[in-house]
$ cat model.tsv   # TSV, C-alpha atoms
chain	number	residue	atom	x	y	z
A	533	MET	CA	8.68	24.26	-23.27
A	534	LEU	CA	5.68	22.60	-24.87
A	535	PRO	CA	3.62	24.81	-27.18
A	536	HIS	CA	0.47	24.92	-25.07
A	537	GLY	CA	-0.71	28.07	-26.74
A	538	GLN	CA	-0.43	26.36	-30.13
A	539	ILE	CA	-2.41	23.36	-28.92
A	540	ILE	CA	-5.15	25.53	-27.40
A	541	ARG	CA	-5.42	27.72	-30.50
A	542	GLY	CA	-5.64	24.57	-32.65
A	543	PHE	CA	-8.96	23.78	-30.95
A	544	GLY	CA	-10.42	27.23	-31.59
A	545	LEU	CA	-10.24	28.33	-27.95
A	546	ARG	CA	-8.70	31.45	-26.51
A	547	TYR	CA	-6.58	31.62	-23.38
A	548	HIS	CA	-5.02	33.82	-20.74
A	549	PHE	CA	-1.84	32.63	-18.95
A	550	TYR	CA	-1.61	34.03	-15.41
A	551	ALA	CA	1.13	33.43	-12.86
A	552	ASP	CA	-0.62	30.61	-11.03
A	553	ASP	CA	-3.41	29.50	-13.35
A	554	THR	CA	-4.56	29.50	-16.96
A	555	GLN	CA	-8.02	30.45	-18.15
A	556	LEU	CA	-9.56	29.00	-21.30
A	557	TYR	CA	-12.35	30.85	-23.13
A	558	ALA	CA	-14.80	29.00	-25.37
A	559	CYS	CA	-17.60	30.75	-27.23
A	560	THR	CA	-20.68	28.59	-27.33
A	561	LYS	CA	-23.89	28.57	-29.30
A	562	PRO	CA	-27.12	27.42	-27.59
A	563	ASP	CA	-26.16	23.85	-28.57
A	564	THR	CA	-23.25	23.40	-26.16
A	565	SER	CA	-22.28	19.77	-26.95
A	566	THR	CA	-19.60	20.77	-29.46
A	567	ALA	CA	-18.01	23.27	-27.03
A	568	THR	CA	-17.54	20.74	-24.23
A	569	SER	CA	-16.14	18.04	-26.54
A	570	GLY	CA	-13.63	20.55	-27.94
A	571	LEU	CA	-12.62	21.53	-24.40
A	572	VAL	CA	-12.17	17.88	-23.36
A	573	SER	CA	-10.06	17.06	-26.43
A	574	CYS	CA	-7.92	20.16	-25.83
A	575	LEU	CA	-7.28	19.23	-22.19
A	576	CYS	CA	-6.49	15.62	-23.16
A	577	ASP	CA	-4.01	16.83	-25.73
A	578	ILE	CA	-2.29	19.11	-23.20
A	579	LYS	CA	-2.12	16.21	-20.74
A	580	ASP	CA	-0.75	13.95	-23.49
A	581	GLY	CA	1.83	16.63	-24.20
A	582	PHE	CA	3.48	15.27	-21.11
A	583	SER	CA	3.55	11.81	-22.67
A	584	TRP	CA	5.27	10.55	-25.78
A	585	ARG	CA	2.03	10.47	-27.77
A	586	GLY	CA	1.62	14.25	-27.62
A	587	THR	CA	2.05	16.29	-30.78
A	588	GLY	CA	4.79	18.30	-29.06
A	589	TYR	CA	7.22	15.39	-28.70
A	590	VAL	CA	6.43	13.88	-32.08
A	591	GLU	CA	7.04	17.19	-33.84
A	592	SER	CA	10.26	18.01	-32.01
A	593	THR	CA	11.58	14.46	-32.64
A	594	ALA	CA	10.66	14.66	-36.33
A	595	ASN	CA	12.33	18.07	-36.68
A	596	SER	CA	15.56	17.23	-34.84
A	597	LEU	CA	16.09	13.87	-36.63
A	598	SER	CA	14.83	15.06	-40.04
A	599	ILE	CA	12.27	12.28	-40.39
A	600	THR	CA	8.54	12.33	-41.06
A	601	ALA	CA	5.98	12.58	-38.27
A	602	GLU	CA	4.88	8.97	-38.94
A	603	GLU	CA	8.42	7.69	-38.51
A	604	ALA	CA	8.86	9.79	-35.37
A	605	LYS	CA	5.69	8.27	-33.88
A	606	GLN	CA	6.98	4.77	-34.70
A	607	LEU	CA	10.34	5.55	-33.12
A	608	LEU	CA	8.82	6.96	-29.92
A	609	GLY	CA	6.41	3.99	-29.70
A	610	ALA	CA	9.28	1.53	-30.07
A	611	LEU	CA	11.35	3.30	-27.39
A	612	HIS	CA	8.36	3.31	-25.07
A	613	SER	CA	7.76	-0.44	-25.54
A	614	LEU	CA	11.45	-1.17	-24.97
A	615	SER	CA	11.64	0.79	-21.71
A	616	HIS	CA	8.35	-0.75	-20.55
A	617	HIS	CA	9.66	-4.26	-21.28
A	618	VAL	CA	12.92	-3.58	-19.46
A	619	LEU	CA	11.11	-2.16	-16.43
A	620	PHE	CA	8.48	-4.90	-16.30
A	621	HIS	CA	10.97	-7.76	-16.32
A	622	GLY	CA	13.38	-5.93	-14.05
A	623	LEU	CA	16.35	-6.37	-16.39
A	624	SER	CA	19.14	-4.85	-14.36
A	625	SER	CA	22.33	-6.36	-15.72
A	626	PRO	CA	24.03	-5.30	-18.98
A	627	GLU	CA	24.13	-8.89	-20.36
A	628	ARG	CA	20.38	-9.33	-20.01
A	629	LEU	CA	19.72	-5.92	-21.56
A	630	LEU	CA	22.03	-6.63	-24.52
A	631	ALA	CA	20.21	-9.92	-25.08
A	632	VAL	CA	16.98	-8.00	-25.76
A	633	PHE	CA	18.31	-6.43	-28.96
A	634	PRO	CA	18.44	-8.46	-32.21
A	635	ASP	CA	21.84	-9.57	-33.52
A	636	THR	CA	21.71	-7.27	-36.53
A	637	PHE	CA	21.30	-4.19	-34.36
A	638	HIS	CA	23.92	-1.45	-34.66
A	639	PRO	CA	26.45	-2.26	-31.88
A	640	SER	CA	27.36	1.22	-30.64
A	641	LEU	CA	23.69	2.29	-30.65
A	642	LYS	CA	22.94	-0.92	-28.70
A	643	ASN	CA	25.60	-0.06	-26.12
A	644	LEU	CA	24.39	3.53	-25.80
A	645	LEU	CA	20.77	2.49	-25.32
A	646	THR	CA	21.78	-0.17	-22.78
A	647	LYS	CA	23.78	2.39	-20.82
A	648	ILE	CA	20.88	4.89	-20.76
A	649	LEU	CA	18.33	2.22	-19.78
A	650	LEU	CA	20.54	0.93	-16.97
A	651	GLU	CA	21.03	4.44	-15.66
A	652	HIS	CA	17.35	5.35	-15.56
A	653	SER	CA	15.75	2.04	-14.53
A	654	PRO	CA	15.97	2.64	-10.75
A	655	THR	CA	14.28	6.07	-11.06
A	656	TRP	CA	11.54	4.65	-13.28
A	657	ARG	CA	11.03	1.73	-10.91
A	658	ASN	CA	10.60	4.04	-7.93
A	659	GLU	CA	8.17	6.18	-9.88
A	660	ALA	CA	6.12	3.14	-10.93
A	661	LEU	CA	6.08	1.93	-7.31
A	662	SER	CA	4.78	5.25	-6.03
A	663	ASN	CA	2.11	5.45	-8.75
A	664	GLN	CA	0.59	2.04	-8.20
A	665	ILE	CA	-3.16	1.66	-7.88
A	666	SER	CA	-4.32	1.40	-4.31
A	667	LEU	CA	-7.26	1.93	-2.01
A	668	PRO	CA	-7.64	5.46	-0.65
A	669	GLN	CA	-4.42	6.24	1.18
A	670	LEU	CA	-4.01	7.69	4.63
A	671	VAL	CA	-2.17	10.98	4.16
A	672	ASP	CA	-2.29	12.69	7.52
A	673	MET	CA	-3.40	12.03	11.06
A	674	ASP	CA	-4.01	14.29	14.07
A	675	TRP	CA	-5.40	13.55	17.50
A	676	ARG	CA	-6.61	15.35	20.60
A	677	VAL	CA	-7.50	14.16	24.10
A	678	ASP	CA	-10.53	15.68	25.83
A	679	ILE	CA	-11.86	15.36	29.36
A	680	LYS	CA	-15.65	15.23	29.44
A	681	THR	CA	-16.72	17.15	32.54
A	682	ALA	CA	-20.50	17.32	32.24
A	683	SER	CA	-23.39	16.19	30.11
A	684	ASP	CA	-27.17	16.14	30.15
A	685	SER	CA	-27.17	12.80	31.95
A	686	ILE	CA	-24.50	13.53	34.58
A	687	ALA	CA	-23.70	16.95	35.96
A	688	ARG	CA	-20.14	16.23	37.04
A	689	MET	CA	-17.69	13.68	35.71
A	690	ALA	CA	-14.12	13.40	34.47
A	691	VAL	CA	-14.00	10.97	31.58
A	692	PRO	CA	-11.10	11.17	29.15
A	693	THR	CA	-11.81	10.55	25.51
A	694	CYS	CA	-9.75	10.77	22.32
A	695	LEU	CA	-10.60	12.37	18.98
A	696	VAL	CA	-8.65	11.26	15.91
A	697	GLN	CA	-8.82	13.01	12.57
A	698	MET	CA	-7.54	11.17	9.50
A	699	LYS	CA	-7.11	12.62	6.03
A	700	VAL	CA	-7.71	10.00	3.35
A	701	GLN	CA	-6.75	10.68	-0.26
A	702	ASP	CA	-8.46	8.95	-3.15
A	703	ASP	CA	-6.37	6.99	-5.63
A	704	PRO	CA	-4.61	9.58	-7.82
A	705	CYS	CA	-4.63	7.22	-10.82
A	706	LEU	CA	-8.44	7.40	-10.82
A	707	CYS	CA	-8.92	11.10	-10.25
A	708	GLY	CA	-6.32	12.62	-12.52
A	709	LEU	CA	-4.01	15.29	-11.25
A	710	ARG	CA	-6.05	16.49	-8.26
A	711	PRO	CA	-7.30	13.57	-6.13
A	712	GLY	CA	-9.91	14.44	-3.52
A	713	VAL	CA	-9.00	14.35	0.16
A	714	SER	CA	-11.74	13.42	2.59
A	715	THR	CA	-11.46	13.94	6.32
A	716	VAL	CA	-12.73	11.45	8.87
A	717	THR	CA	-13.03	12.34	12.54
A	718	VAL	CA	-13.66	9.52	14.99
A	719	GLU	CA	-14.06	9.52	18.74
A	720	LEU	CA	-12.55	6.74	20.82
A	721	SER	CA	-13.13	5.92	24.46
A	722	LYS	CA	-10.24	4.64	26.54
A	723	GLU	CA	-11.24	1.00	26.08
A	724	THR	CA	-11.61	1.37	22.31
A	725	LEU	CA	-8.18	2.96	22.10
A	726	GLU	CA	-6.62	0.14	24.11
A	727	THR	CA	-8.26	-2.50	21.92
A	728	MET	CA	-7.08	-0.65	18.83
A	729	LEU	CA	-3.51	-0.50	20.15
A	730	ASP	CA	-3.71	-4.21	20.91
A	731	GLY	CA	-4.58	-4.90	17.28
A	732	LEU	CA	-1.89	-2.55	15.98
A	733	GLY	CA	0.67	-4.15	18.28
A	734	ARG	CA	-0.20	-7.57	16.88
A	735	ILE	CA	0.28	-6.21	13.37
A	736	ARG	CA	3.70	-4.89	14.37
A	737	ASP	CA	4.72	-8.25	15.84
A	738	GLN	CA	3.60	-10.12	12.74
A	739	LEU	CA	5.41	-7.62	10.51
A	740	SER	CA	8.67	-8.09	12.41
A	741	ALA	CA	8.19	-11.88	12.25
A	742	VAL	CA	7.76	-11.66	8.46
A	743	ALA	CA	10.69	-9.28	8.09
A	744	SER	CA	13.04	-11.44	10.13
A	745	LYS	CA	12.40	-14.55	8.00
B	140	MET	CA	-54.99	0.42	38.74
B	141	SER	CA	-55.29	1.69	35.16
B	142	PRO	CA	-52.14	2.04	33.05
B	143	GLY	CA	-52.32	5.84	32.52
B	144	PRO	CA	-52.03	6.98	36.15
B	145	LEU	CA	-49.60	4.10	36.85
B	146	LYS	CA	-47.31	5.35	34.10
B	147	ASN	CA	-47.35	8.89	35.52
B	148	LEU	CA	-46.71	7.54	38.98
B	149	VAL	CA	-43.72	5.49	37.89
B	150	LYS	CA	-42.35	8.46	35.94
B	151	SER	CA	-42.47	10.69	38.99
B	152	VAL	CA	-40.91	7.99	41.15
B	153	LEU	CA	-38.05	7.60	38.64
B	154	LEU	CA	-37.37	11.33	38.82
B	155	ILE	CA	-35.70	10.84	42.21
B	156	PRO	CA	-32.96	8.37	41.21
B	157	ASN	CA	-32.37	10.21	37.90
B	158	GLY	CA	-31.92	13.51	39.70
B	159	ALA	CA	-29.68	11.86	42.29
B	160	LEU	CA	-27.53	10.32	39.56
B	161	LYS	CA	-27.30	13.60	37.68
B	162	ARG	CA	-26.12	15.46	40.78
B	163	ASN	CA	-23.77	12.67	41.99
B	164	LEU	CA	-25.51	12.43	45.39
B	165	THR	CA	-24.15	10.13	48.08
B	166	ALA	CA	-26.31	7.50	49.82
B	167	GLU	CA	-26.81	9.72	52.91
B	168	GLN	CA	-28.00	12.64	50.80
B	169	VAL	CA	-30.46	10.36	48.97
B	170	LYS	CA	-31.79	9.10	52.29
B	171	ALA	CA	-32.18	12.67	53.61
B	172	ASP	CA	-34.05	13.68	50.44
B	173	LEU	CA	-36.42	10.72	50.68
B	174	VAL	CA	-37.17	11.45	54.34
B	175	THR	CA	-37.91	15.10	53.47
B	176	LEU	CA	-40.27	13.92	50.74
B	177	GLY	CA	-42.25	11.98	53.35
B	178	LEU	CA	-40.98	8.40	53.07
B	179	ASN	CA	-40.59	6.67	56.43
B	180	ASP	CA	-37.15	6.04	57.90
B	181	ASP	CA	-36.51	2.33	57.37
B	182	LYS	CA	-37.76	2.34	53.78
B	183	ALA	CA	-35.50	5.34	53.12
B	184	SER	CA	-32.48	3.51	54.65
B	185	HIS	CA	-33.22	0.42	52.58
B	186	PHE	CA	-33.33	2.52	49.42
B	187	ALA	CA	-30.13	4.32	50.42
B	188	ASP	CA	-28.33	0.96	50.91
B	189	GLN	CA	-29.46	-0.26	47.49
B	190	TRP	CA	-28.26	3.04	46.06
B	191	LYS	CA	-24.80	2.55	47.57
B	192	VAL	CA	-24.58	-0.94	46.07
B	193	HIS	CA	-25.74	-0.06	42.57
B	194	TYR	CA	-24.33	3.46	42.24
B	195	PRO	CA	-21.10	2.52	40.33
B	196	ALA	CA	-22.99	0.49	37.72
B	197	LEU	CA	-25.62	3.22	37.30
B	198	SER	CA	-23.07	5.98	36.87
B	199	ARG	CA	-21.12	3.92	34.34
B	200	LEU	CA	-24.31	3.44	32.33
B	201	ALA	CA	-25.01	7.16	32.44
B	202	VAL	CA	-21.48	7.95	31.24
B	203	GLU	CA	-21.84	5.52	28.35
B	204	GLN	CA	-24.97	7.32	27.31
B	205	THR	CA	-23.12	10.59	26.96
B	206	LEU	CA	-22.90	12.06	23.51
B	207	MET	CA	-20.19	10.50	21.37
B	208	VAL	CA	-19.76	11.85	17.87
B	209	ASN	CA	-18.66	9.40	15.17
B	210	GLN	CA	-17.84	6.74	17.69
B	211	LEU	CA	-15.38	4.11	16.50
B	212	VAL	CA	-17.12	0.77	16.91
B	213	ASP	CA	-14.82	-1.73	15.24
B	214	MET	CA	-11.56	-1.99	13.37
B	215	GLU	CA	-10.55	-4.73	10.95
B	216	TRP	CA	-7.20	-5.02	9.26
B	217	LYS	CA	-5.17	-7.11	6.89
B	218	PHE	CA	-1.69	-6.77	5.58
B	219	GLY	CA	0.07	-8.42	2.71
B	220	VAL	CA	2.68	-8.18	0.04
B	221	THR	CA	2.11	-6.73	-3.42
B	222	ALA	CA	3.34	-9.44	-5.78
B	223	GLY	CA	3.27	-7.60	-9.09
B	224	SER	CA	1.56	-4.92	-11.11
B	225	SER	CA	0.99	-3.98	-14.74
B	226	GLU	CA	4.15	-1.88	-14.66
B	227	LEU	CA	6.48	-4.12	-12.67
B	228	GLN	CA	6.40	-7.90	-12.75
B	229	LYS	CA	7.97	-8.35	-9.31
B	230	VAL	CA	7.12	-5.77	-6.65
B	231	GLY	CA	7.40	-7.20	-3.14
B	232	SER	CA	6.28	-4.17	-1.13
B	233	ILE	CA	4.20	-4.51	2.04
B	234	PHE	CA	0.81	-2.84	2.39
B	235	LEU	CA	-1.68	-2.60	5.24
B	236	GLN	CA	-5.44	-2.18	4.77
B	237	LEU	CA	-7.68	-0.91	7.54
B	238	LYS	CA	-11.46	-0.92	7.81
B	239	LEU	CA	-12.91	1.36	10.46
B	240	VAL	CA	-16.55	0.96	11.43
B	241	VAL	CA	-17.91	4.29	12.67
B	242	ARG	CA	-21.35	4.83	14.22
B	243	LYS	CA	-23.16	7.73	12.58
B	244	GLY	CA	-26.52	8.20	14.28
B	245	ASN	CA	-28.29	4.85	14.16
B	246	THR	CA	-26.30	3.33	11.31
B	247	THR	CA	-22.67	2.42	10.91
B	248	GLU	CA	-20.38	3.55	8.14
B	249	ASN	CA	-17.34	1.67	6.87
B	250	ILE	CA	-14.19	3.58	6.08
B	251	PHE	CA	-11.46	1.82	4.13
B	252	MET	CA	-7.91	2.98	3.79
B	253	GLU	CA	-4.49	1.71	2.88
B	254	LEU	CA	-1.23	2.50	4.61
B	255	THR	CA	2.35	1.95	3.59
B	256	LEU	CA	4.77	0.58	6.14
B	257	PRO	CA	6.26	3.94	7.27
B	258	GLN	CA	2.75	5.39	7.56
B	259	PHE	CA	1.73	2.44	9.74
B	260	TYR	CA	4.66	2.96	12.09
B	261	SER	CA	3.94	6.67	12.50
B	262	PHE	CA	0.21	5.88	13.01
B	263	LEU	CA	1.14	3.40	15.75
B	264	HIS	CA	3.49	5.93	17.33
B	265	GLU	CA	0.82	8.65	17.40
B	266	MET	CA	-1.77	6.28	18.86
B	267	GLU	CA	0.64	5.28	21.62
B	268	ARG	CA	1.22	8.94	22.43
B	269	ALA	CA	-2.55	9.52	22.58
B	270	LYS	CA	-2.92	6.56	24.93
B	271	ALA	CA	-0.13	7.87	27.17
B	272	SER	CA	-1.93	11.21	27.30
B	273	LEU	CA	-5.24	9.50	28.14
B	274	ASP	CA	-3.58	7.47	30.88
B	275	CYS	CA	-2.27	10.66	32.48
B	276	PHE	CA	-5.80	11.89	32.98
B	277	SER	CA	-7.52	8.82	34.37
$ encode --input "model.tsv" --output "structure tokens"
Amino acid sequence: MLPHGQIIRGFGLRYHFYADDTQLYACTKPDTSTATSGLVSCLCDIKDGFSWRGTGYVESTANSLSITAEEAKQLLGALHSLSHHVLFHGLSSPERLLAVFPDTFHPSLKNLLTKILLEHSPTWRNEALSNQISLPQLVDMDWRVDIKTASDSIARMAVPTCLVQMKVQDDPCLCGLRPGVSTVTVELSKETLETMLDGLGRIRDQLSAVASK
Amino acid sequence: MSPGPLKNLVKSVLLIPNGALKRNLTAEQVKADLVTLGLNDDKASHFADQWKVHYPALSRLAVEQTLMVNQLVDMEWKFGVTAGSSELQKVGSIFLQLKLVVRKGNTTENIFMELTLPQFYSFLHEMERAKASLDCFS
């Protein structure tokens, strides 16, 4: 459990933890610039608490290994660079991983680290793949078919038409933890839908051609 | 003849075909209406024949003028392979990017989105189901 309360108190704010949300209280003078900067730094620190740079990890590492905070930061930074290097180059065999360490490295520590890195690489790779930058992503899609029976230009007709609603989510990497979802509703006539399916069918054929190569 | 009265005259003349189109009248009904309004017989029959010939095109035009909200005008797409990223040197996953051009009032708006491969297949599946449903009703 990360000491959120400690972090928040460190910035001079007060808080209330409820079951499903947390409220932060900041007293402000008429000049509010200092209050907002304190709030932003506090939130950044809490967010960082989930990463190795956060004070929580550095302190717990320093305490459990009996080293100074500086040394703990160095250690965590080195581990982070190592795992990043392994993931970037896709080192998946033990020989290649062992080759990364210098010759003077402690052998059993080298073996232990190699084992841990090998074990976790697939999970990290999948996570990196799902967190890539991208254009707004299609999240959900619904449709409905209507029959237009009358309008101001014709009193009686029976024209089918299709309404499609798509939910598009902005890139989560850009918007932090809560990306916005915008909804787009479009209307298609029968001809438009057929043309669209033509295009989608061509995409499918090209995809299967690429996949079969 | 001066343009003002001519304009009013043409407007009132156009009321007849517009009304006939709105109420889906057949050629015989149009002819009967014209005769009641005082047009002589052979002119009314000539007009009724022209009506029969041009009725499908006219009704199609009227249907196209019906209100369509956020009408999809065009769709562009591209798909490719992600080669690498700042986290992973070799990625190799397939992506699909769609641009939908939607008419909003008098202007068009572009909507861009990206789909992964499974999302594309379910999108295609849903669109085929919508088309099957549309085909049932026409």
$ residues_around --input "model.tsv" --residues "Glu167 in chain B" --least-positions-apart "2" --cutoff "10 Å" --atoms "only C-alpha atoms" --output "PyMOL selection string"
chain B and resi 164-165+169-173+183-184+187-188+190-191
$ interface_residues --input "model.tsv" --of "chain B" --to "chain A" --cutoff "7 Å" --atoms "all atoms listed in the file" --output "short mmCIF file (atom, residue, chain, number, x, y, z; two decimals) with C-alpha atoms, keeping the file's coordinate frame"
data_model
loop_
_atom_site.label_atom_id
_atom_site.label_comp_id
_atom_site.auth_asym_id
_atom_site.auth_seq_id
_atom_site.Cartn_x
_atom_site.Cartn_y
_atom_site.Cartn_z
CA LEU B 160 -27.53 10.32 39.56
CA LYS B 161 -27.30 13.60 37.68
CA ARG B 162 -26.12 15.46 40.78
CA ALA B 201 -25.01 7.16 32.44
CA THR B 205 -23.12 10.59 26.96
CA MET B 207 -20.19 10.50 21.37
CA VAL B 208 -19.76 11.85 17.87
CA ASN B 209 -18.66 9.40 15.17
CA GLN B 210 -17.84 6.74 17.69
CA LEU B 211 -15.38 4.11 16.50
CA GLU B 226 4.15 -1.88 -14.66
CA LEU B 227 6.48 -4.12 -12.67
CA GLN B 228 6.40 -7.90 -12.75
CA MET B 252 -7.91 2.98 3.79
CA GLU B 253 -4.49 1.71 2.88
CA LEU B 254 -1.23 2.50 4.61
CA LEU B 263 1.14 3.40 15.75
CA ALA B 269 -2.55 9.52 22.58
CA LYS B 270 -2.92 6.56 24.93
CA LEU B 273 -5.24 9.50 28.14
CA PHE B 276 -5.80 11.89 32.98
CA SER B 277 -7.52 8.82 34.37
#
$ atom_distance --input "model.tsv" --atom1 "CA of Asp274 in chain B" --atom2 "CA of Val212 in chain B"
20.6 Å
$ atom_distance --input "model.tsv" --atom1 "CA of Asn658 in chain A" --atom2 "CA of Gly219 in chain B"
19.5 Å
$ atom_distance --input "model.tsv" --atom1 "CA of Val230 in chain B" --atom2 "CA of Asp703 in chain A"
18.6 Å
$ closest_residue --input "model.tsv" --among "A:Ala743, A:Ser714, A:Ser662, A:Phe637" --to "Thr255 in chain B" --atoms "only C-alpha atoms"
A:Ser662
$ residues_around --input "model.tsv" --residues "Leu545 in chain A" --least-positions-apart "5" --cutoff "9 Å" --atoms "all atoms listed in the file" --output "ChimeraX atom specification"
/A:540,556-559,570-571,574
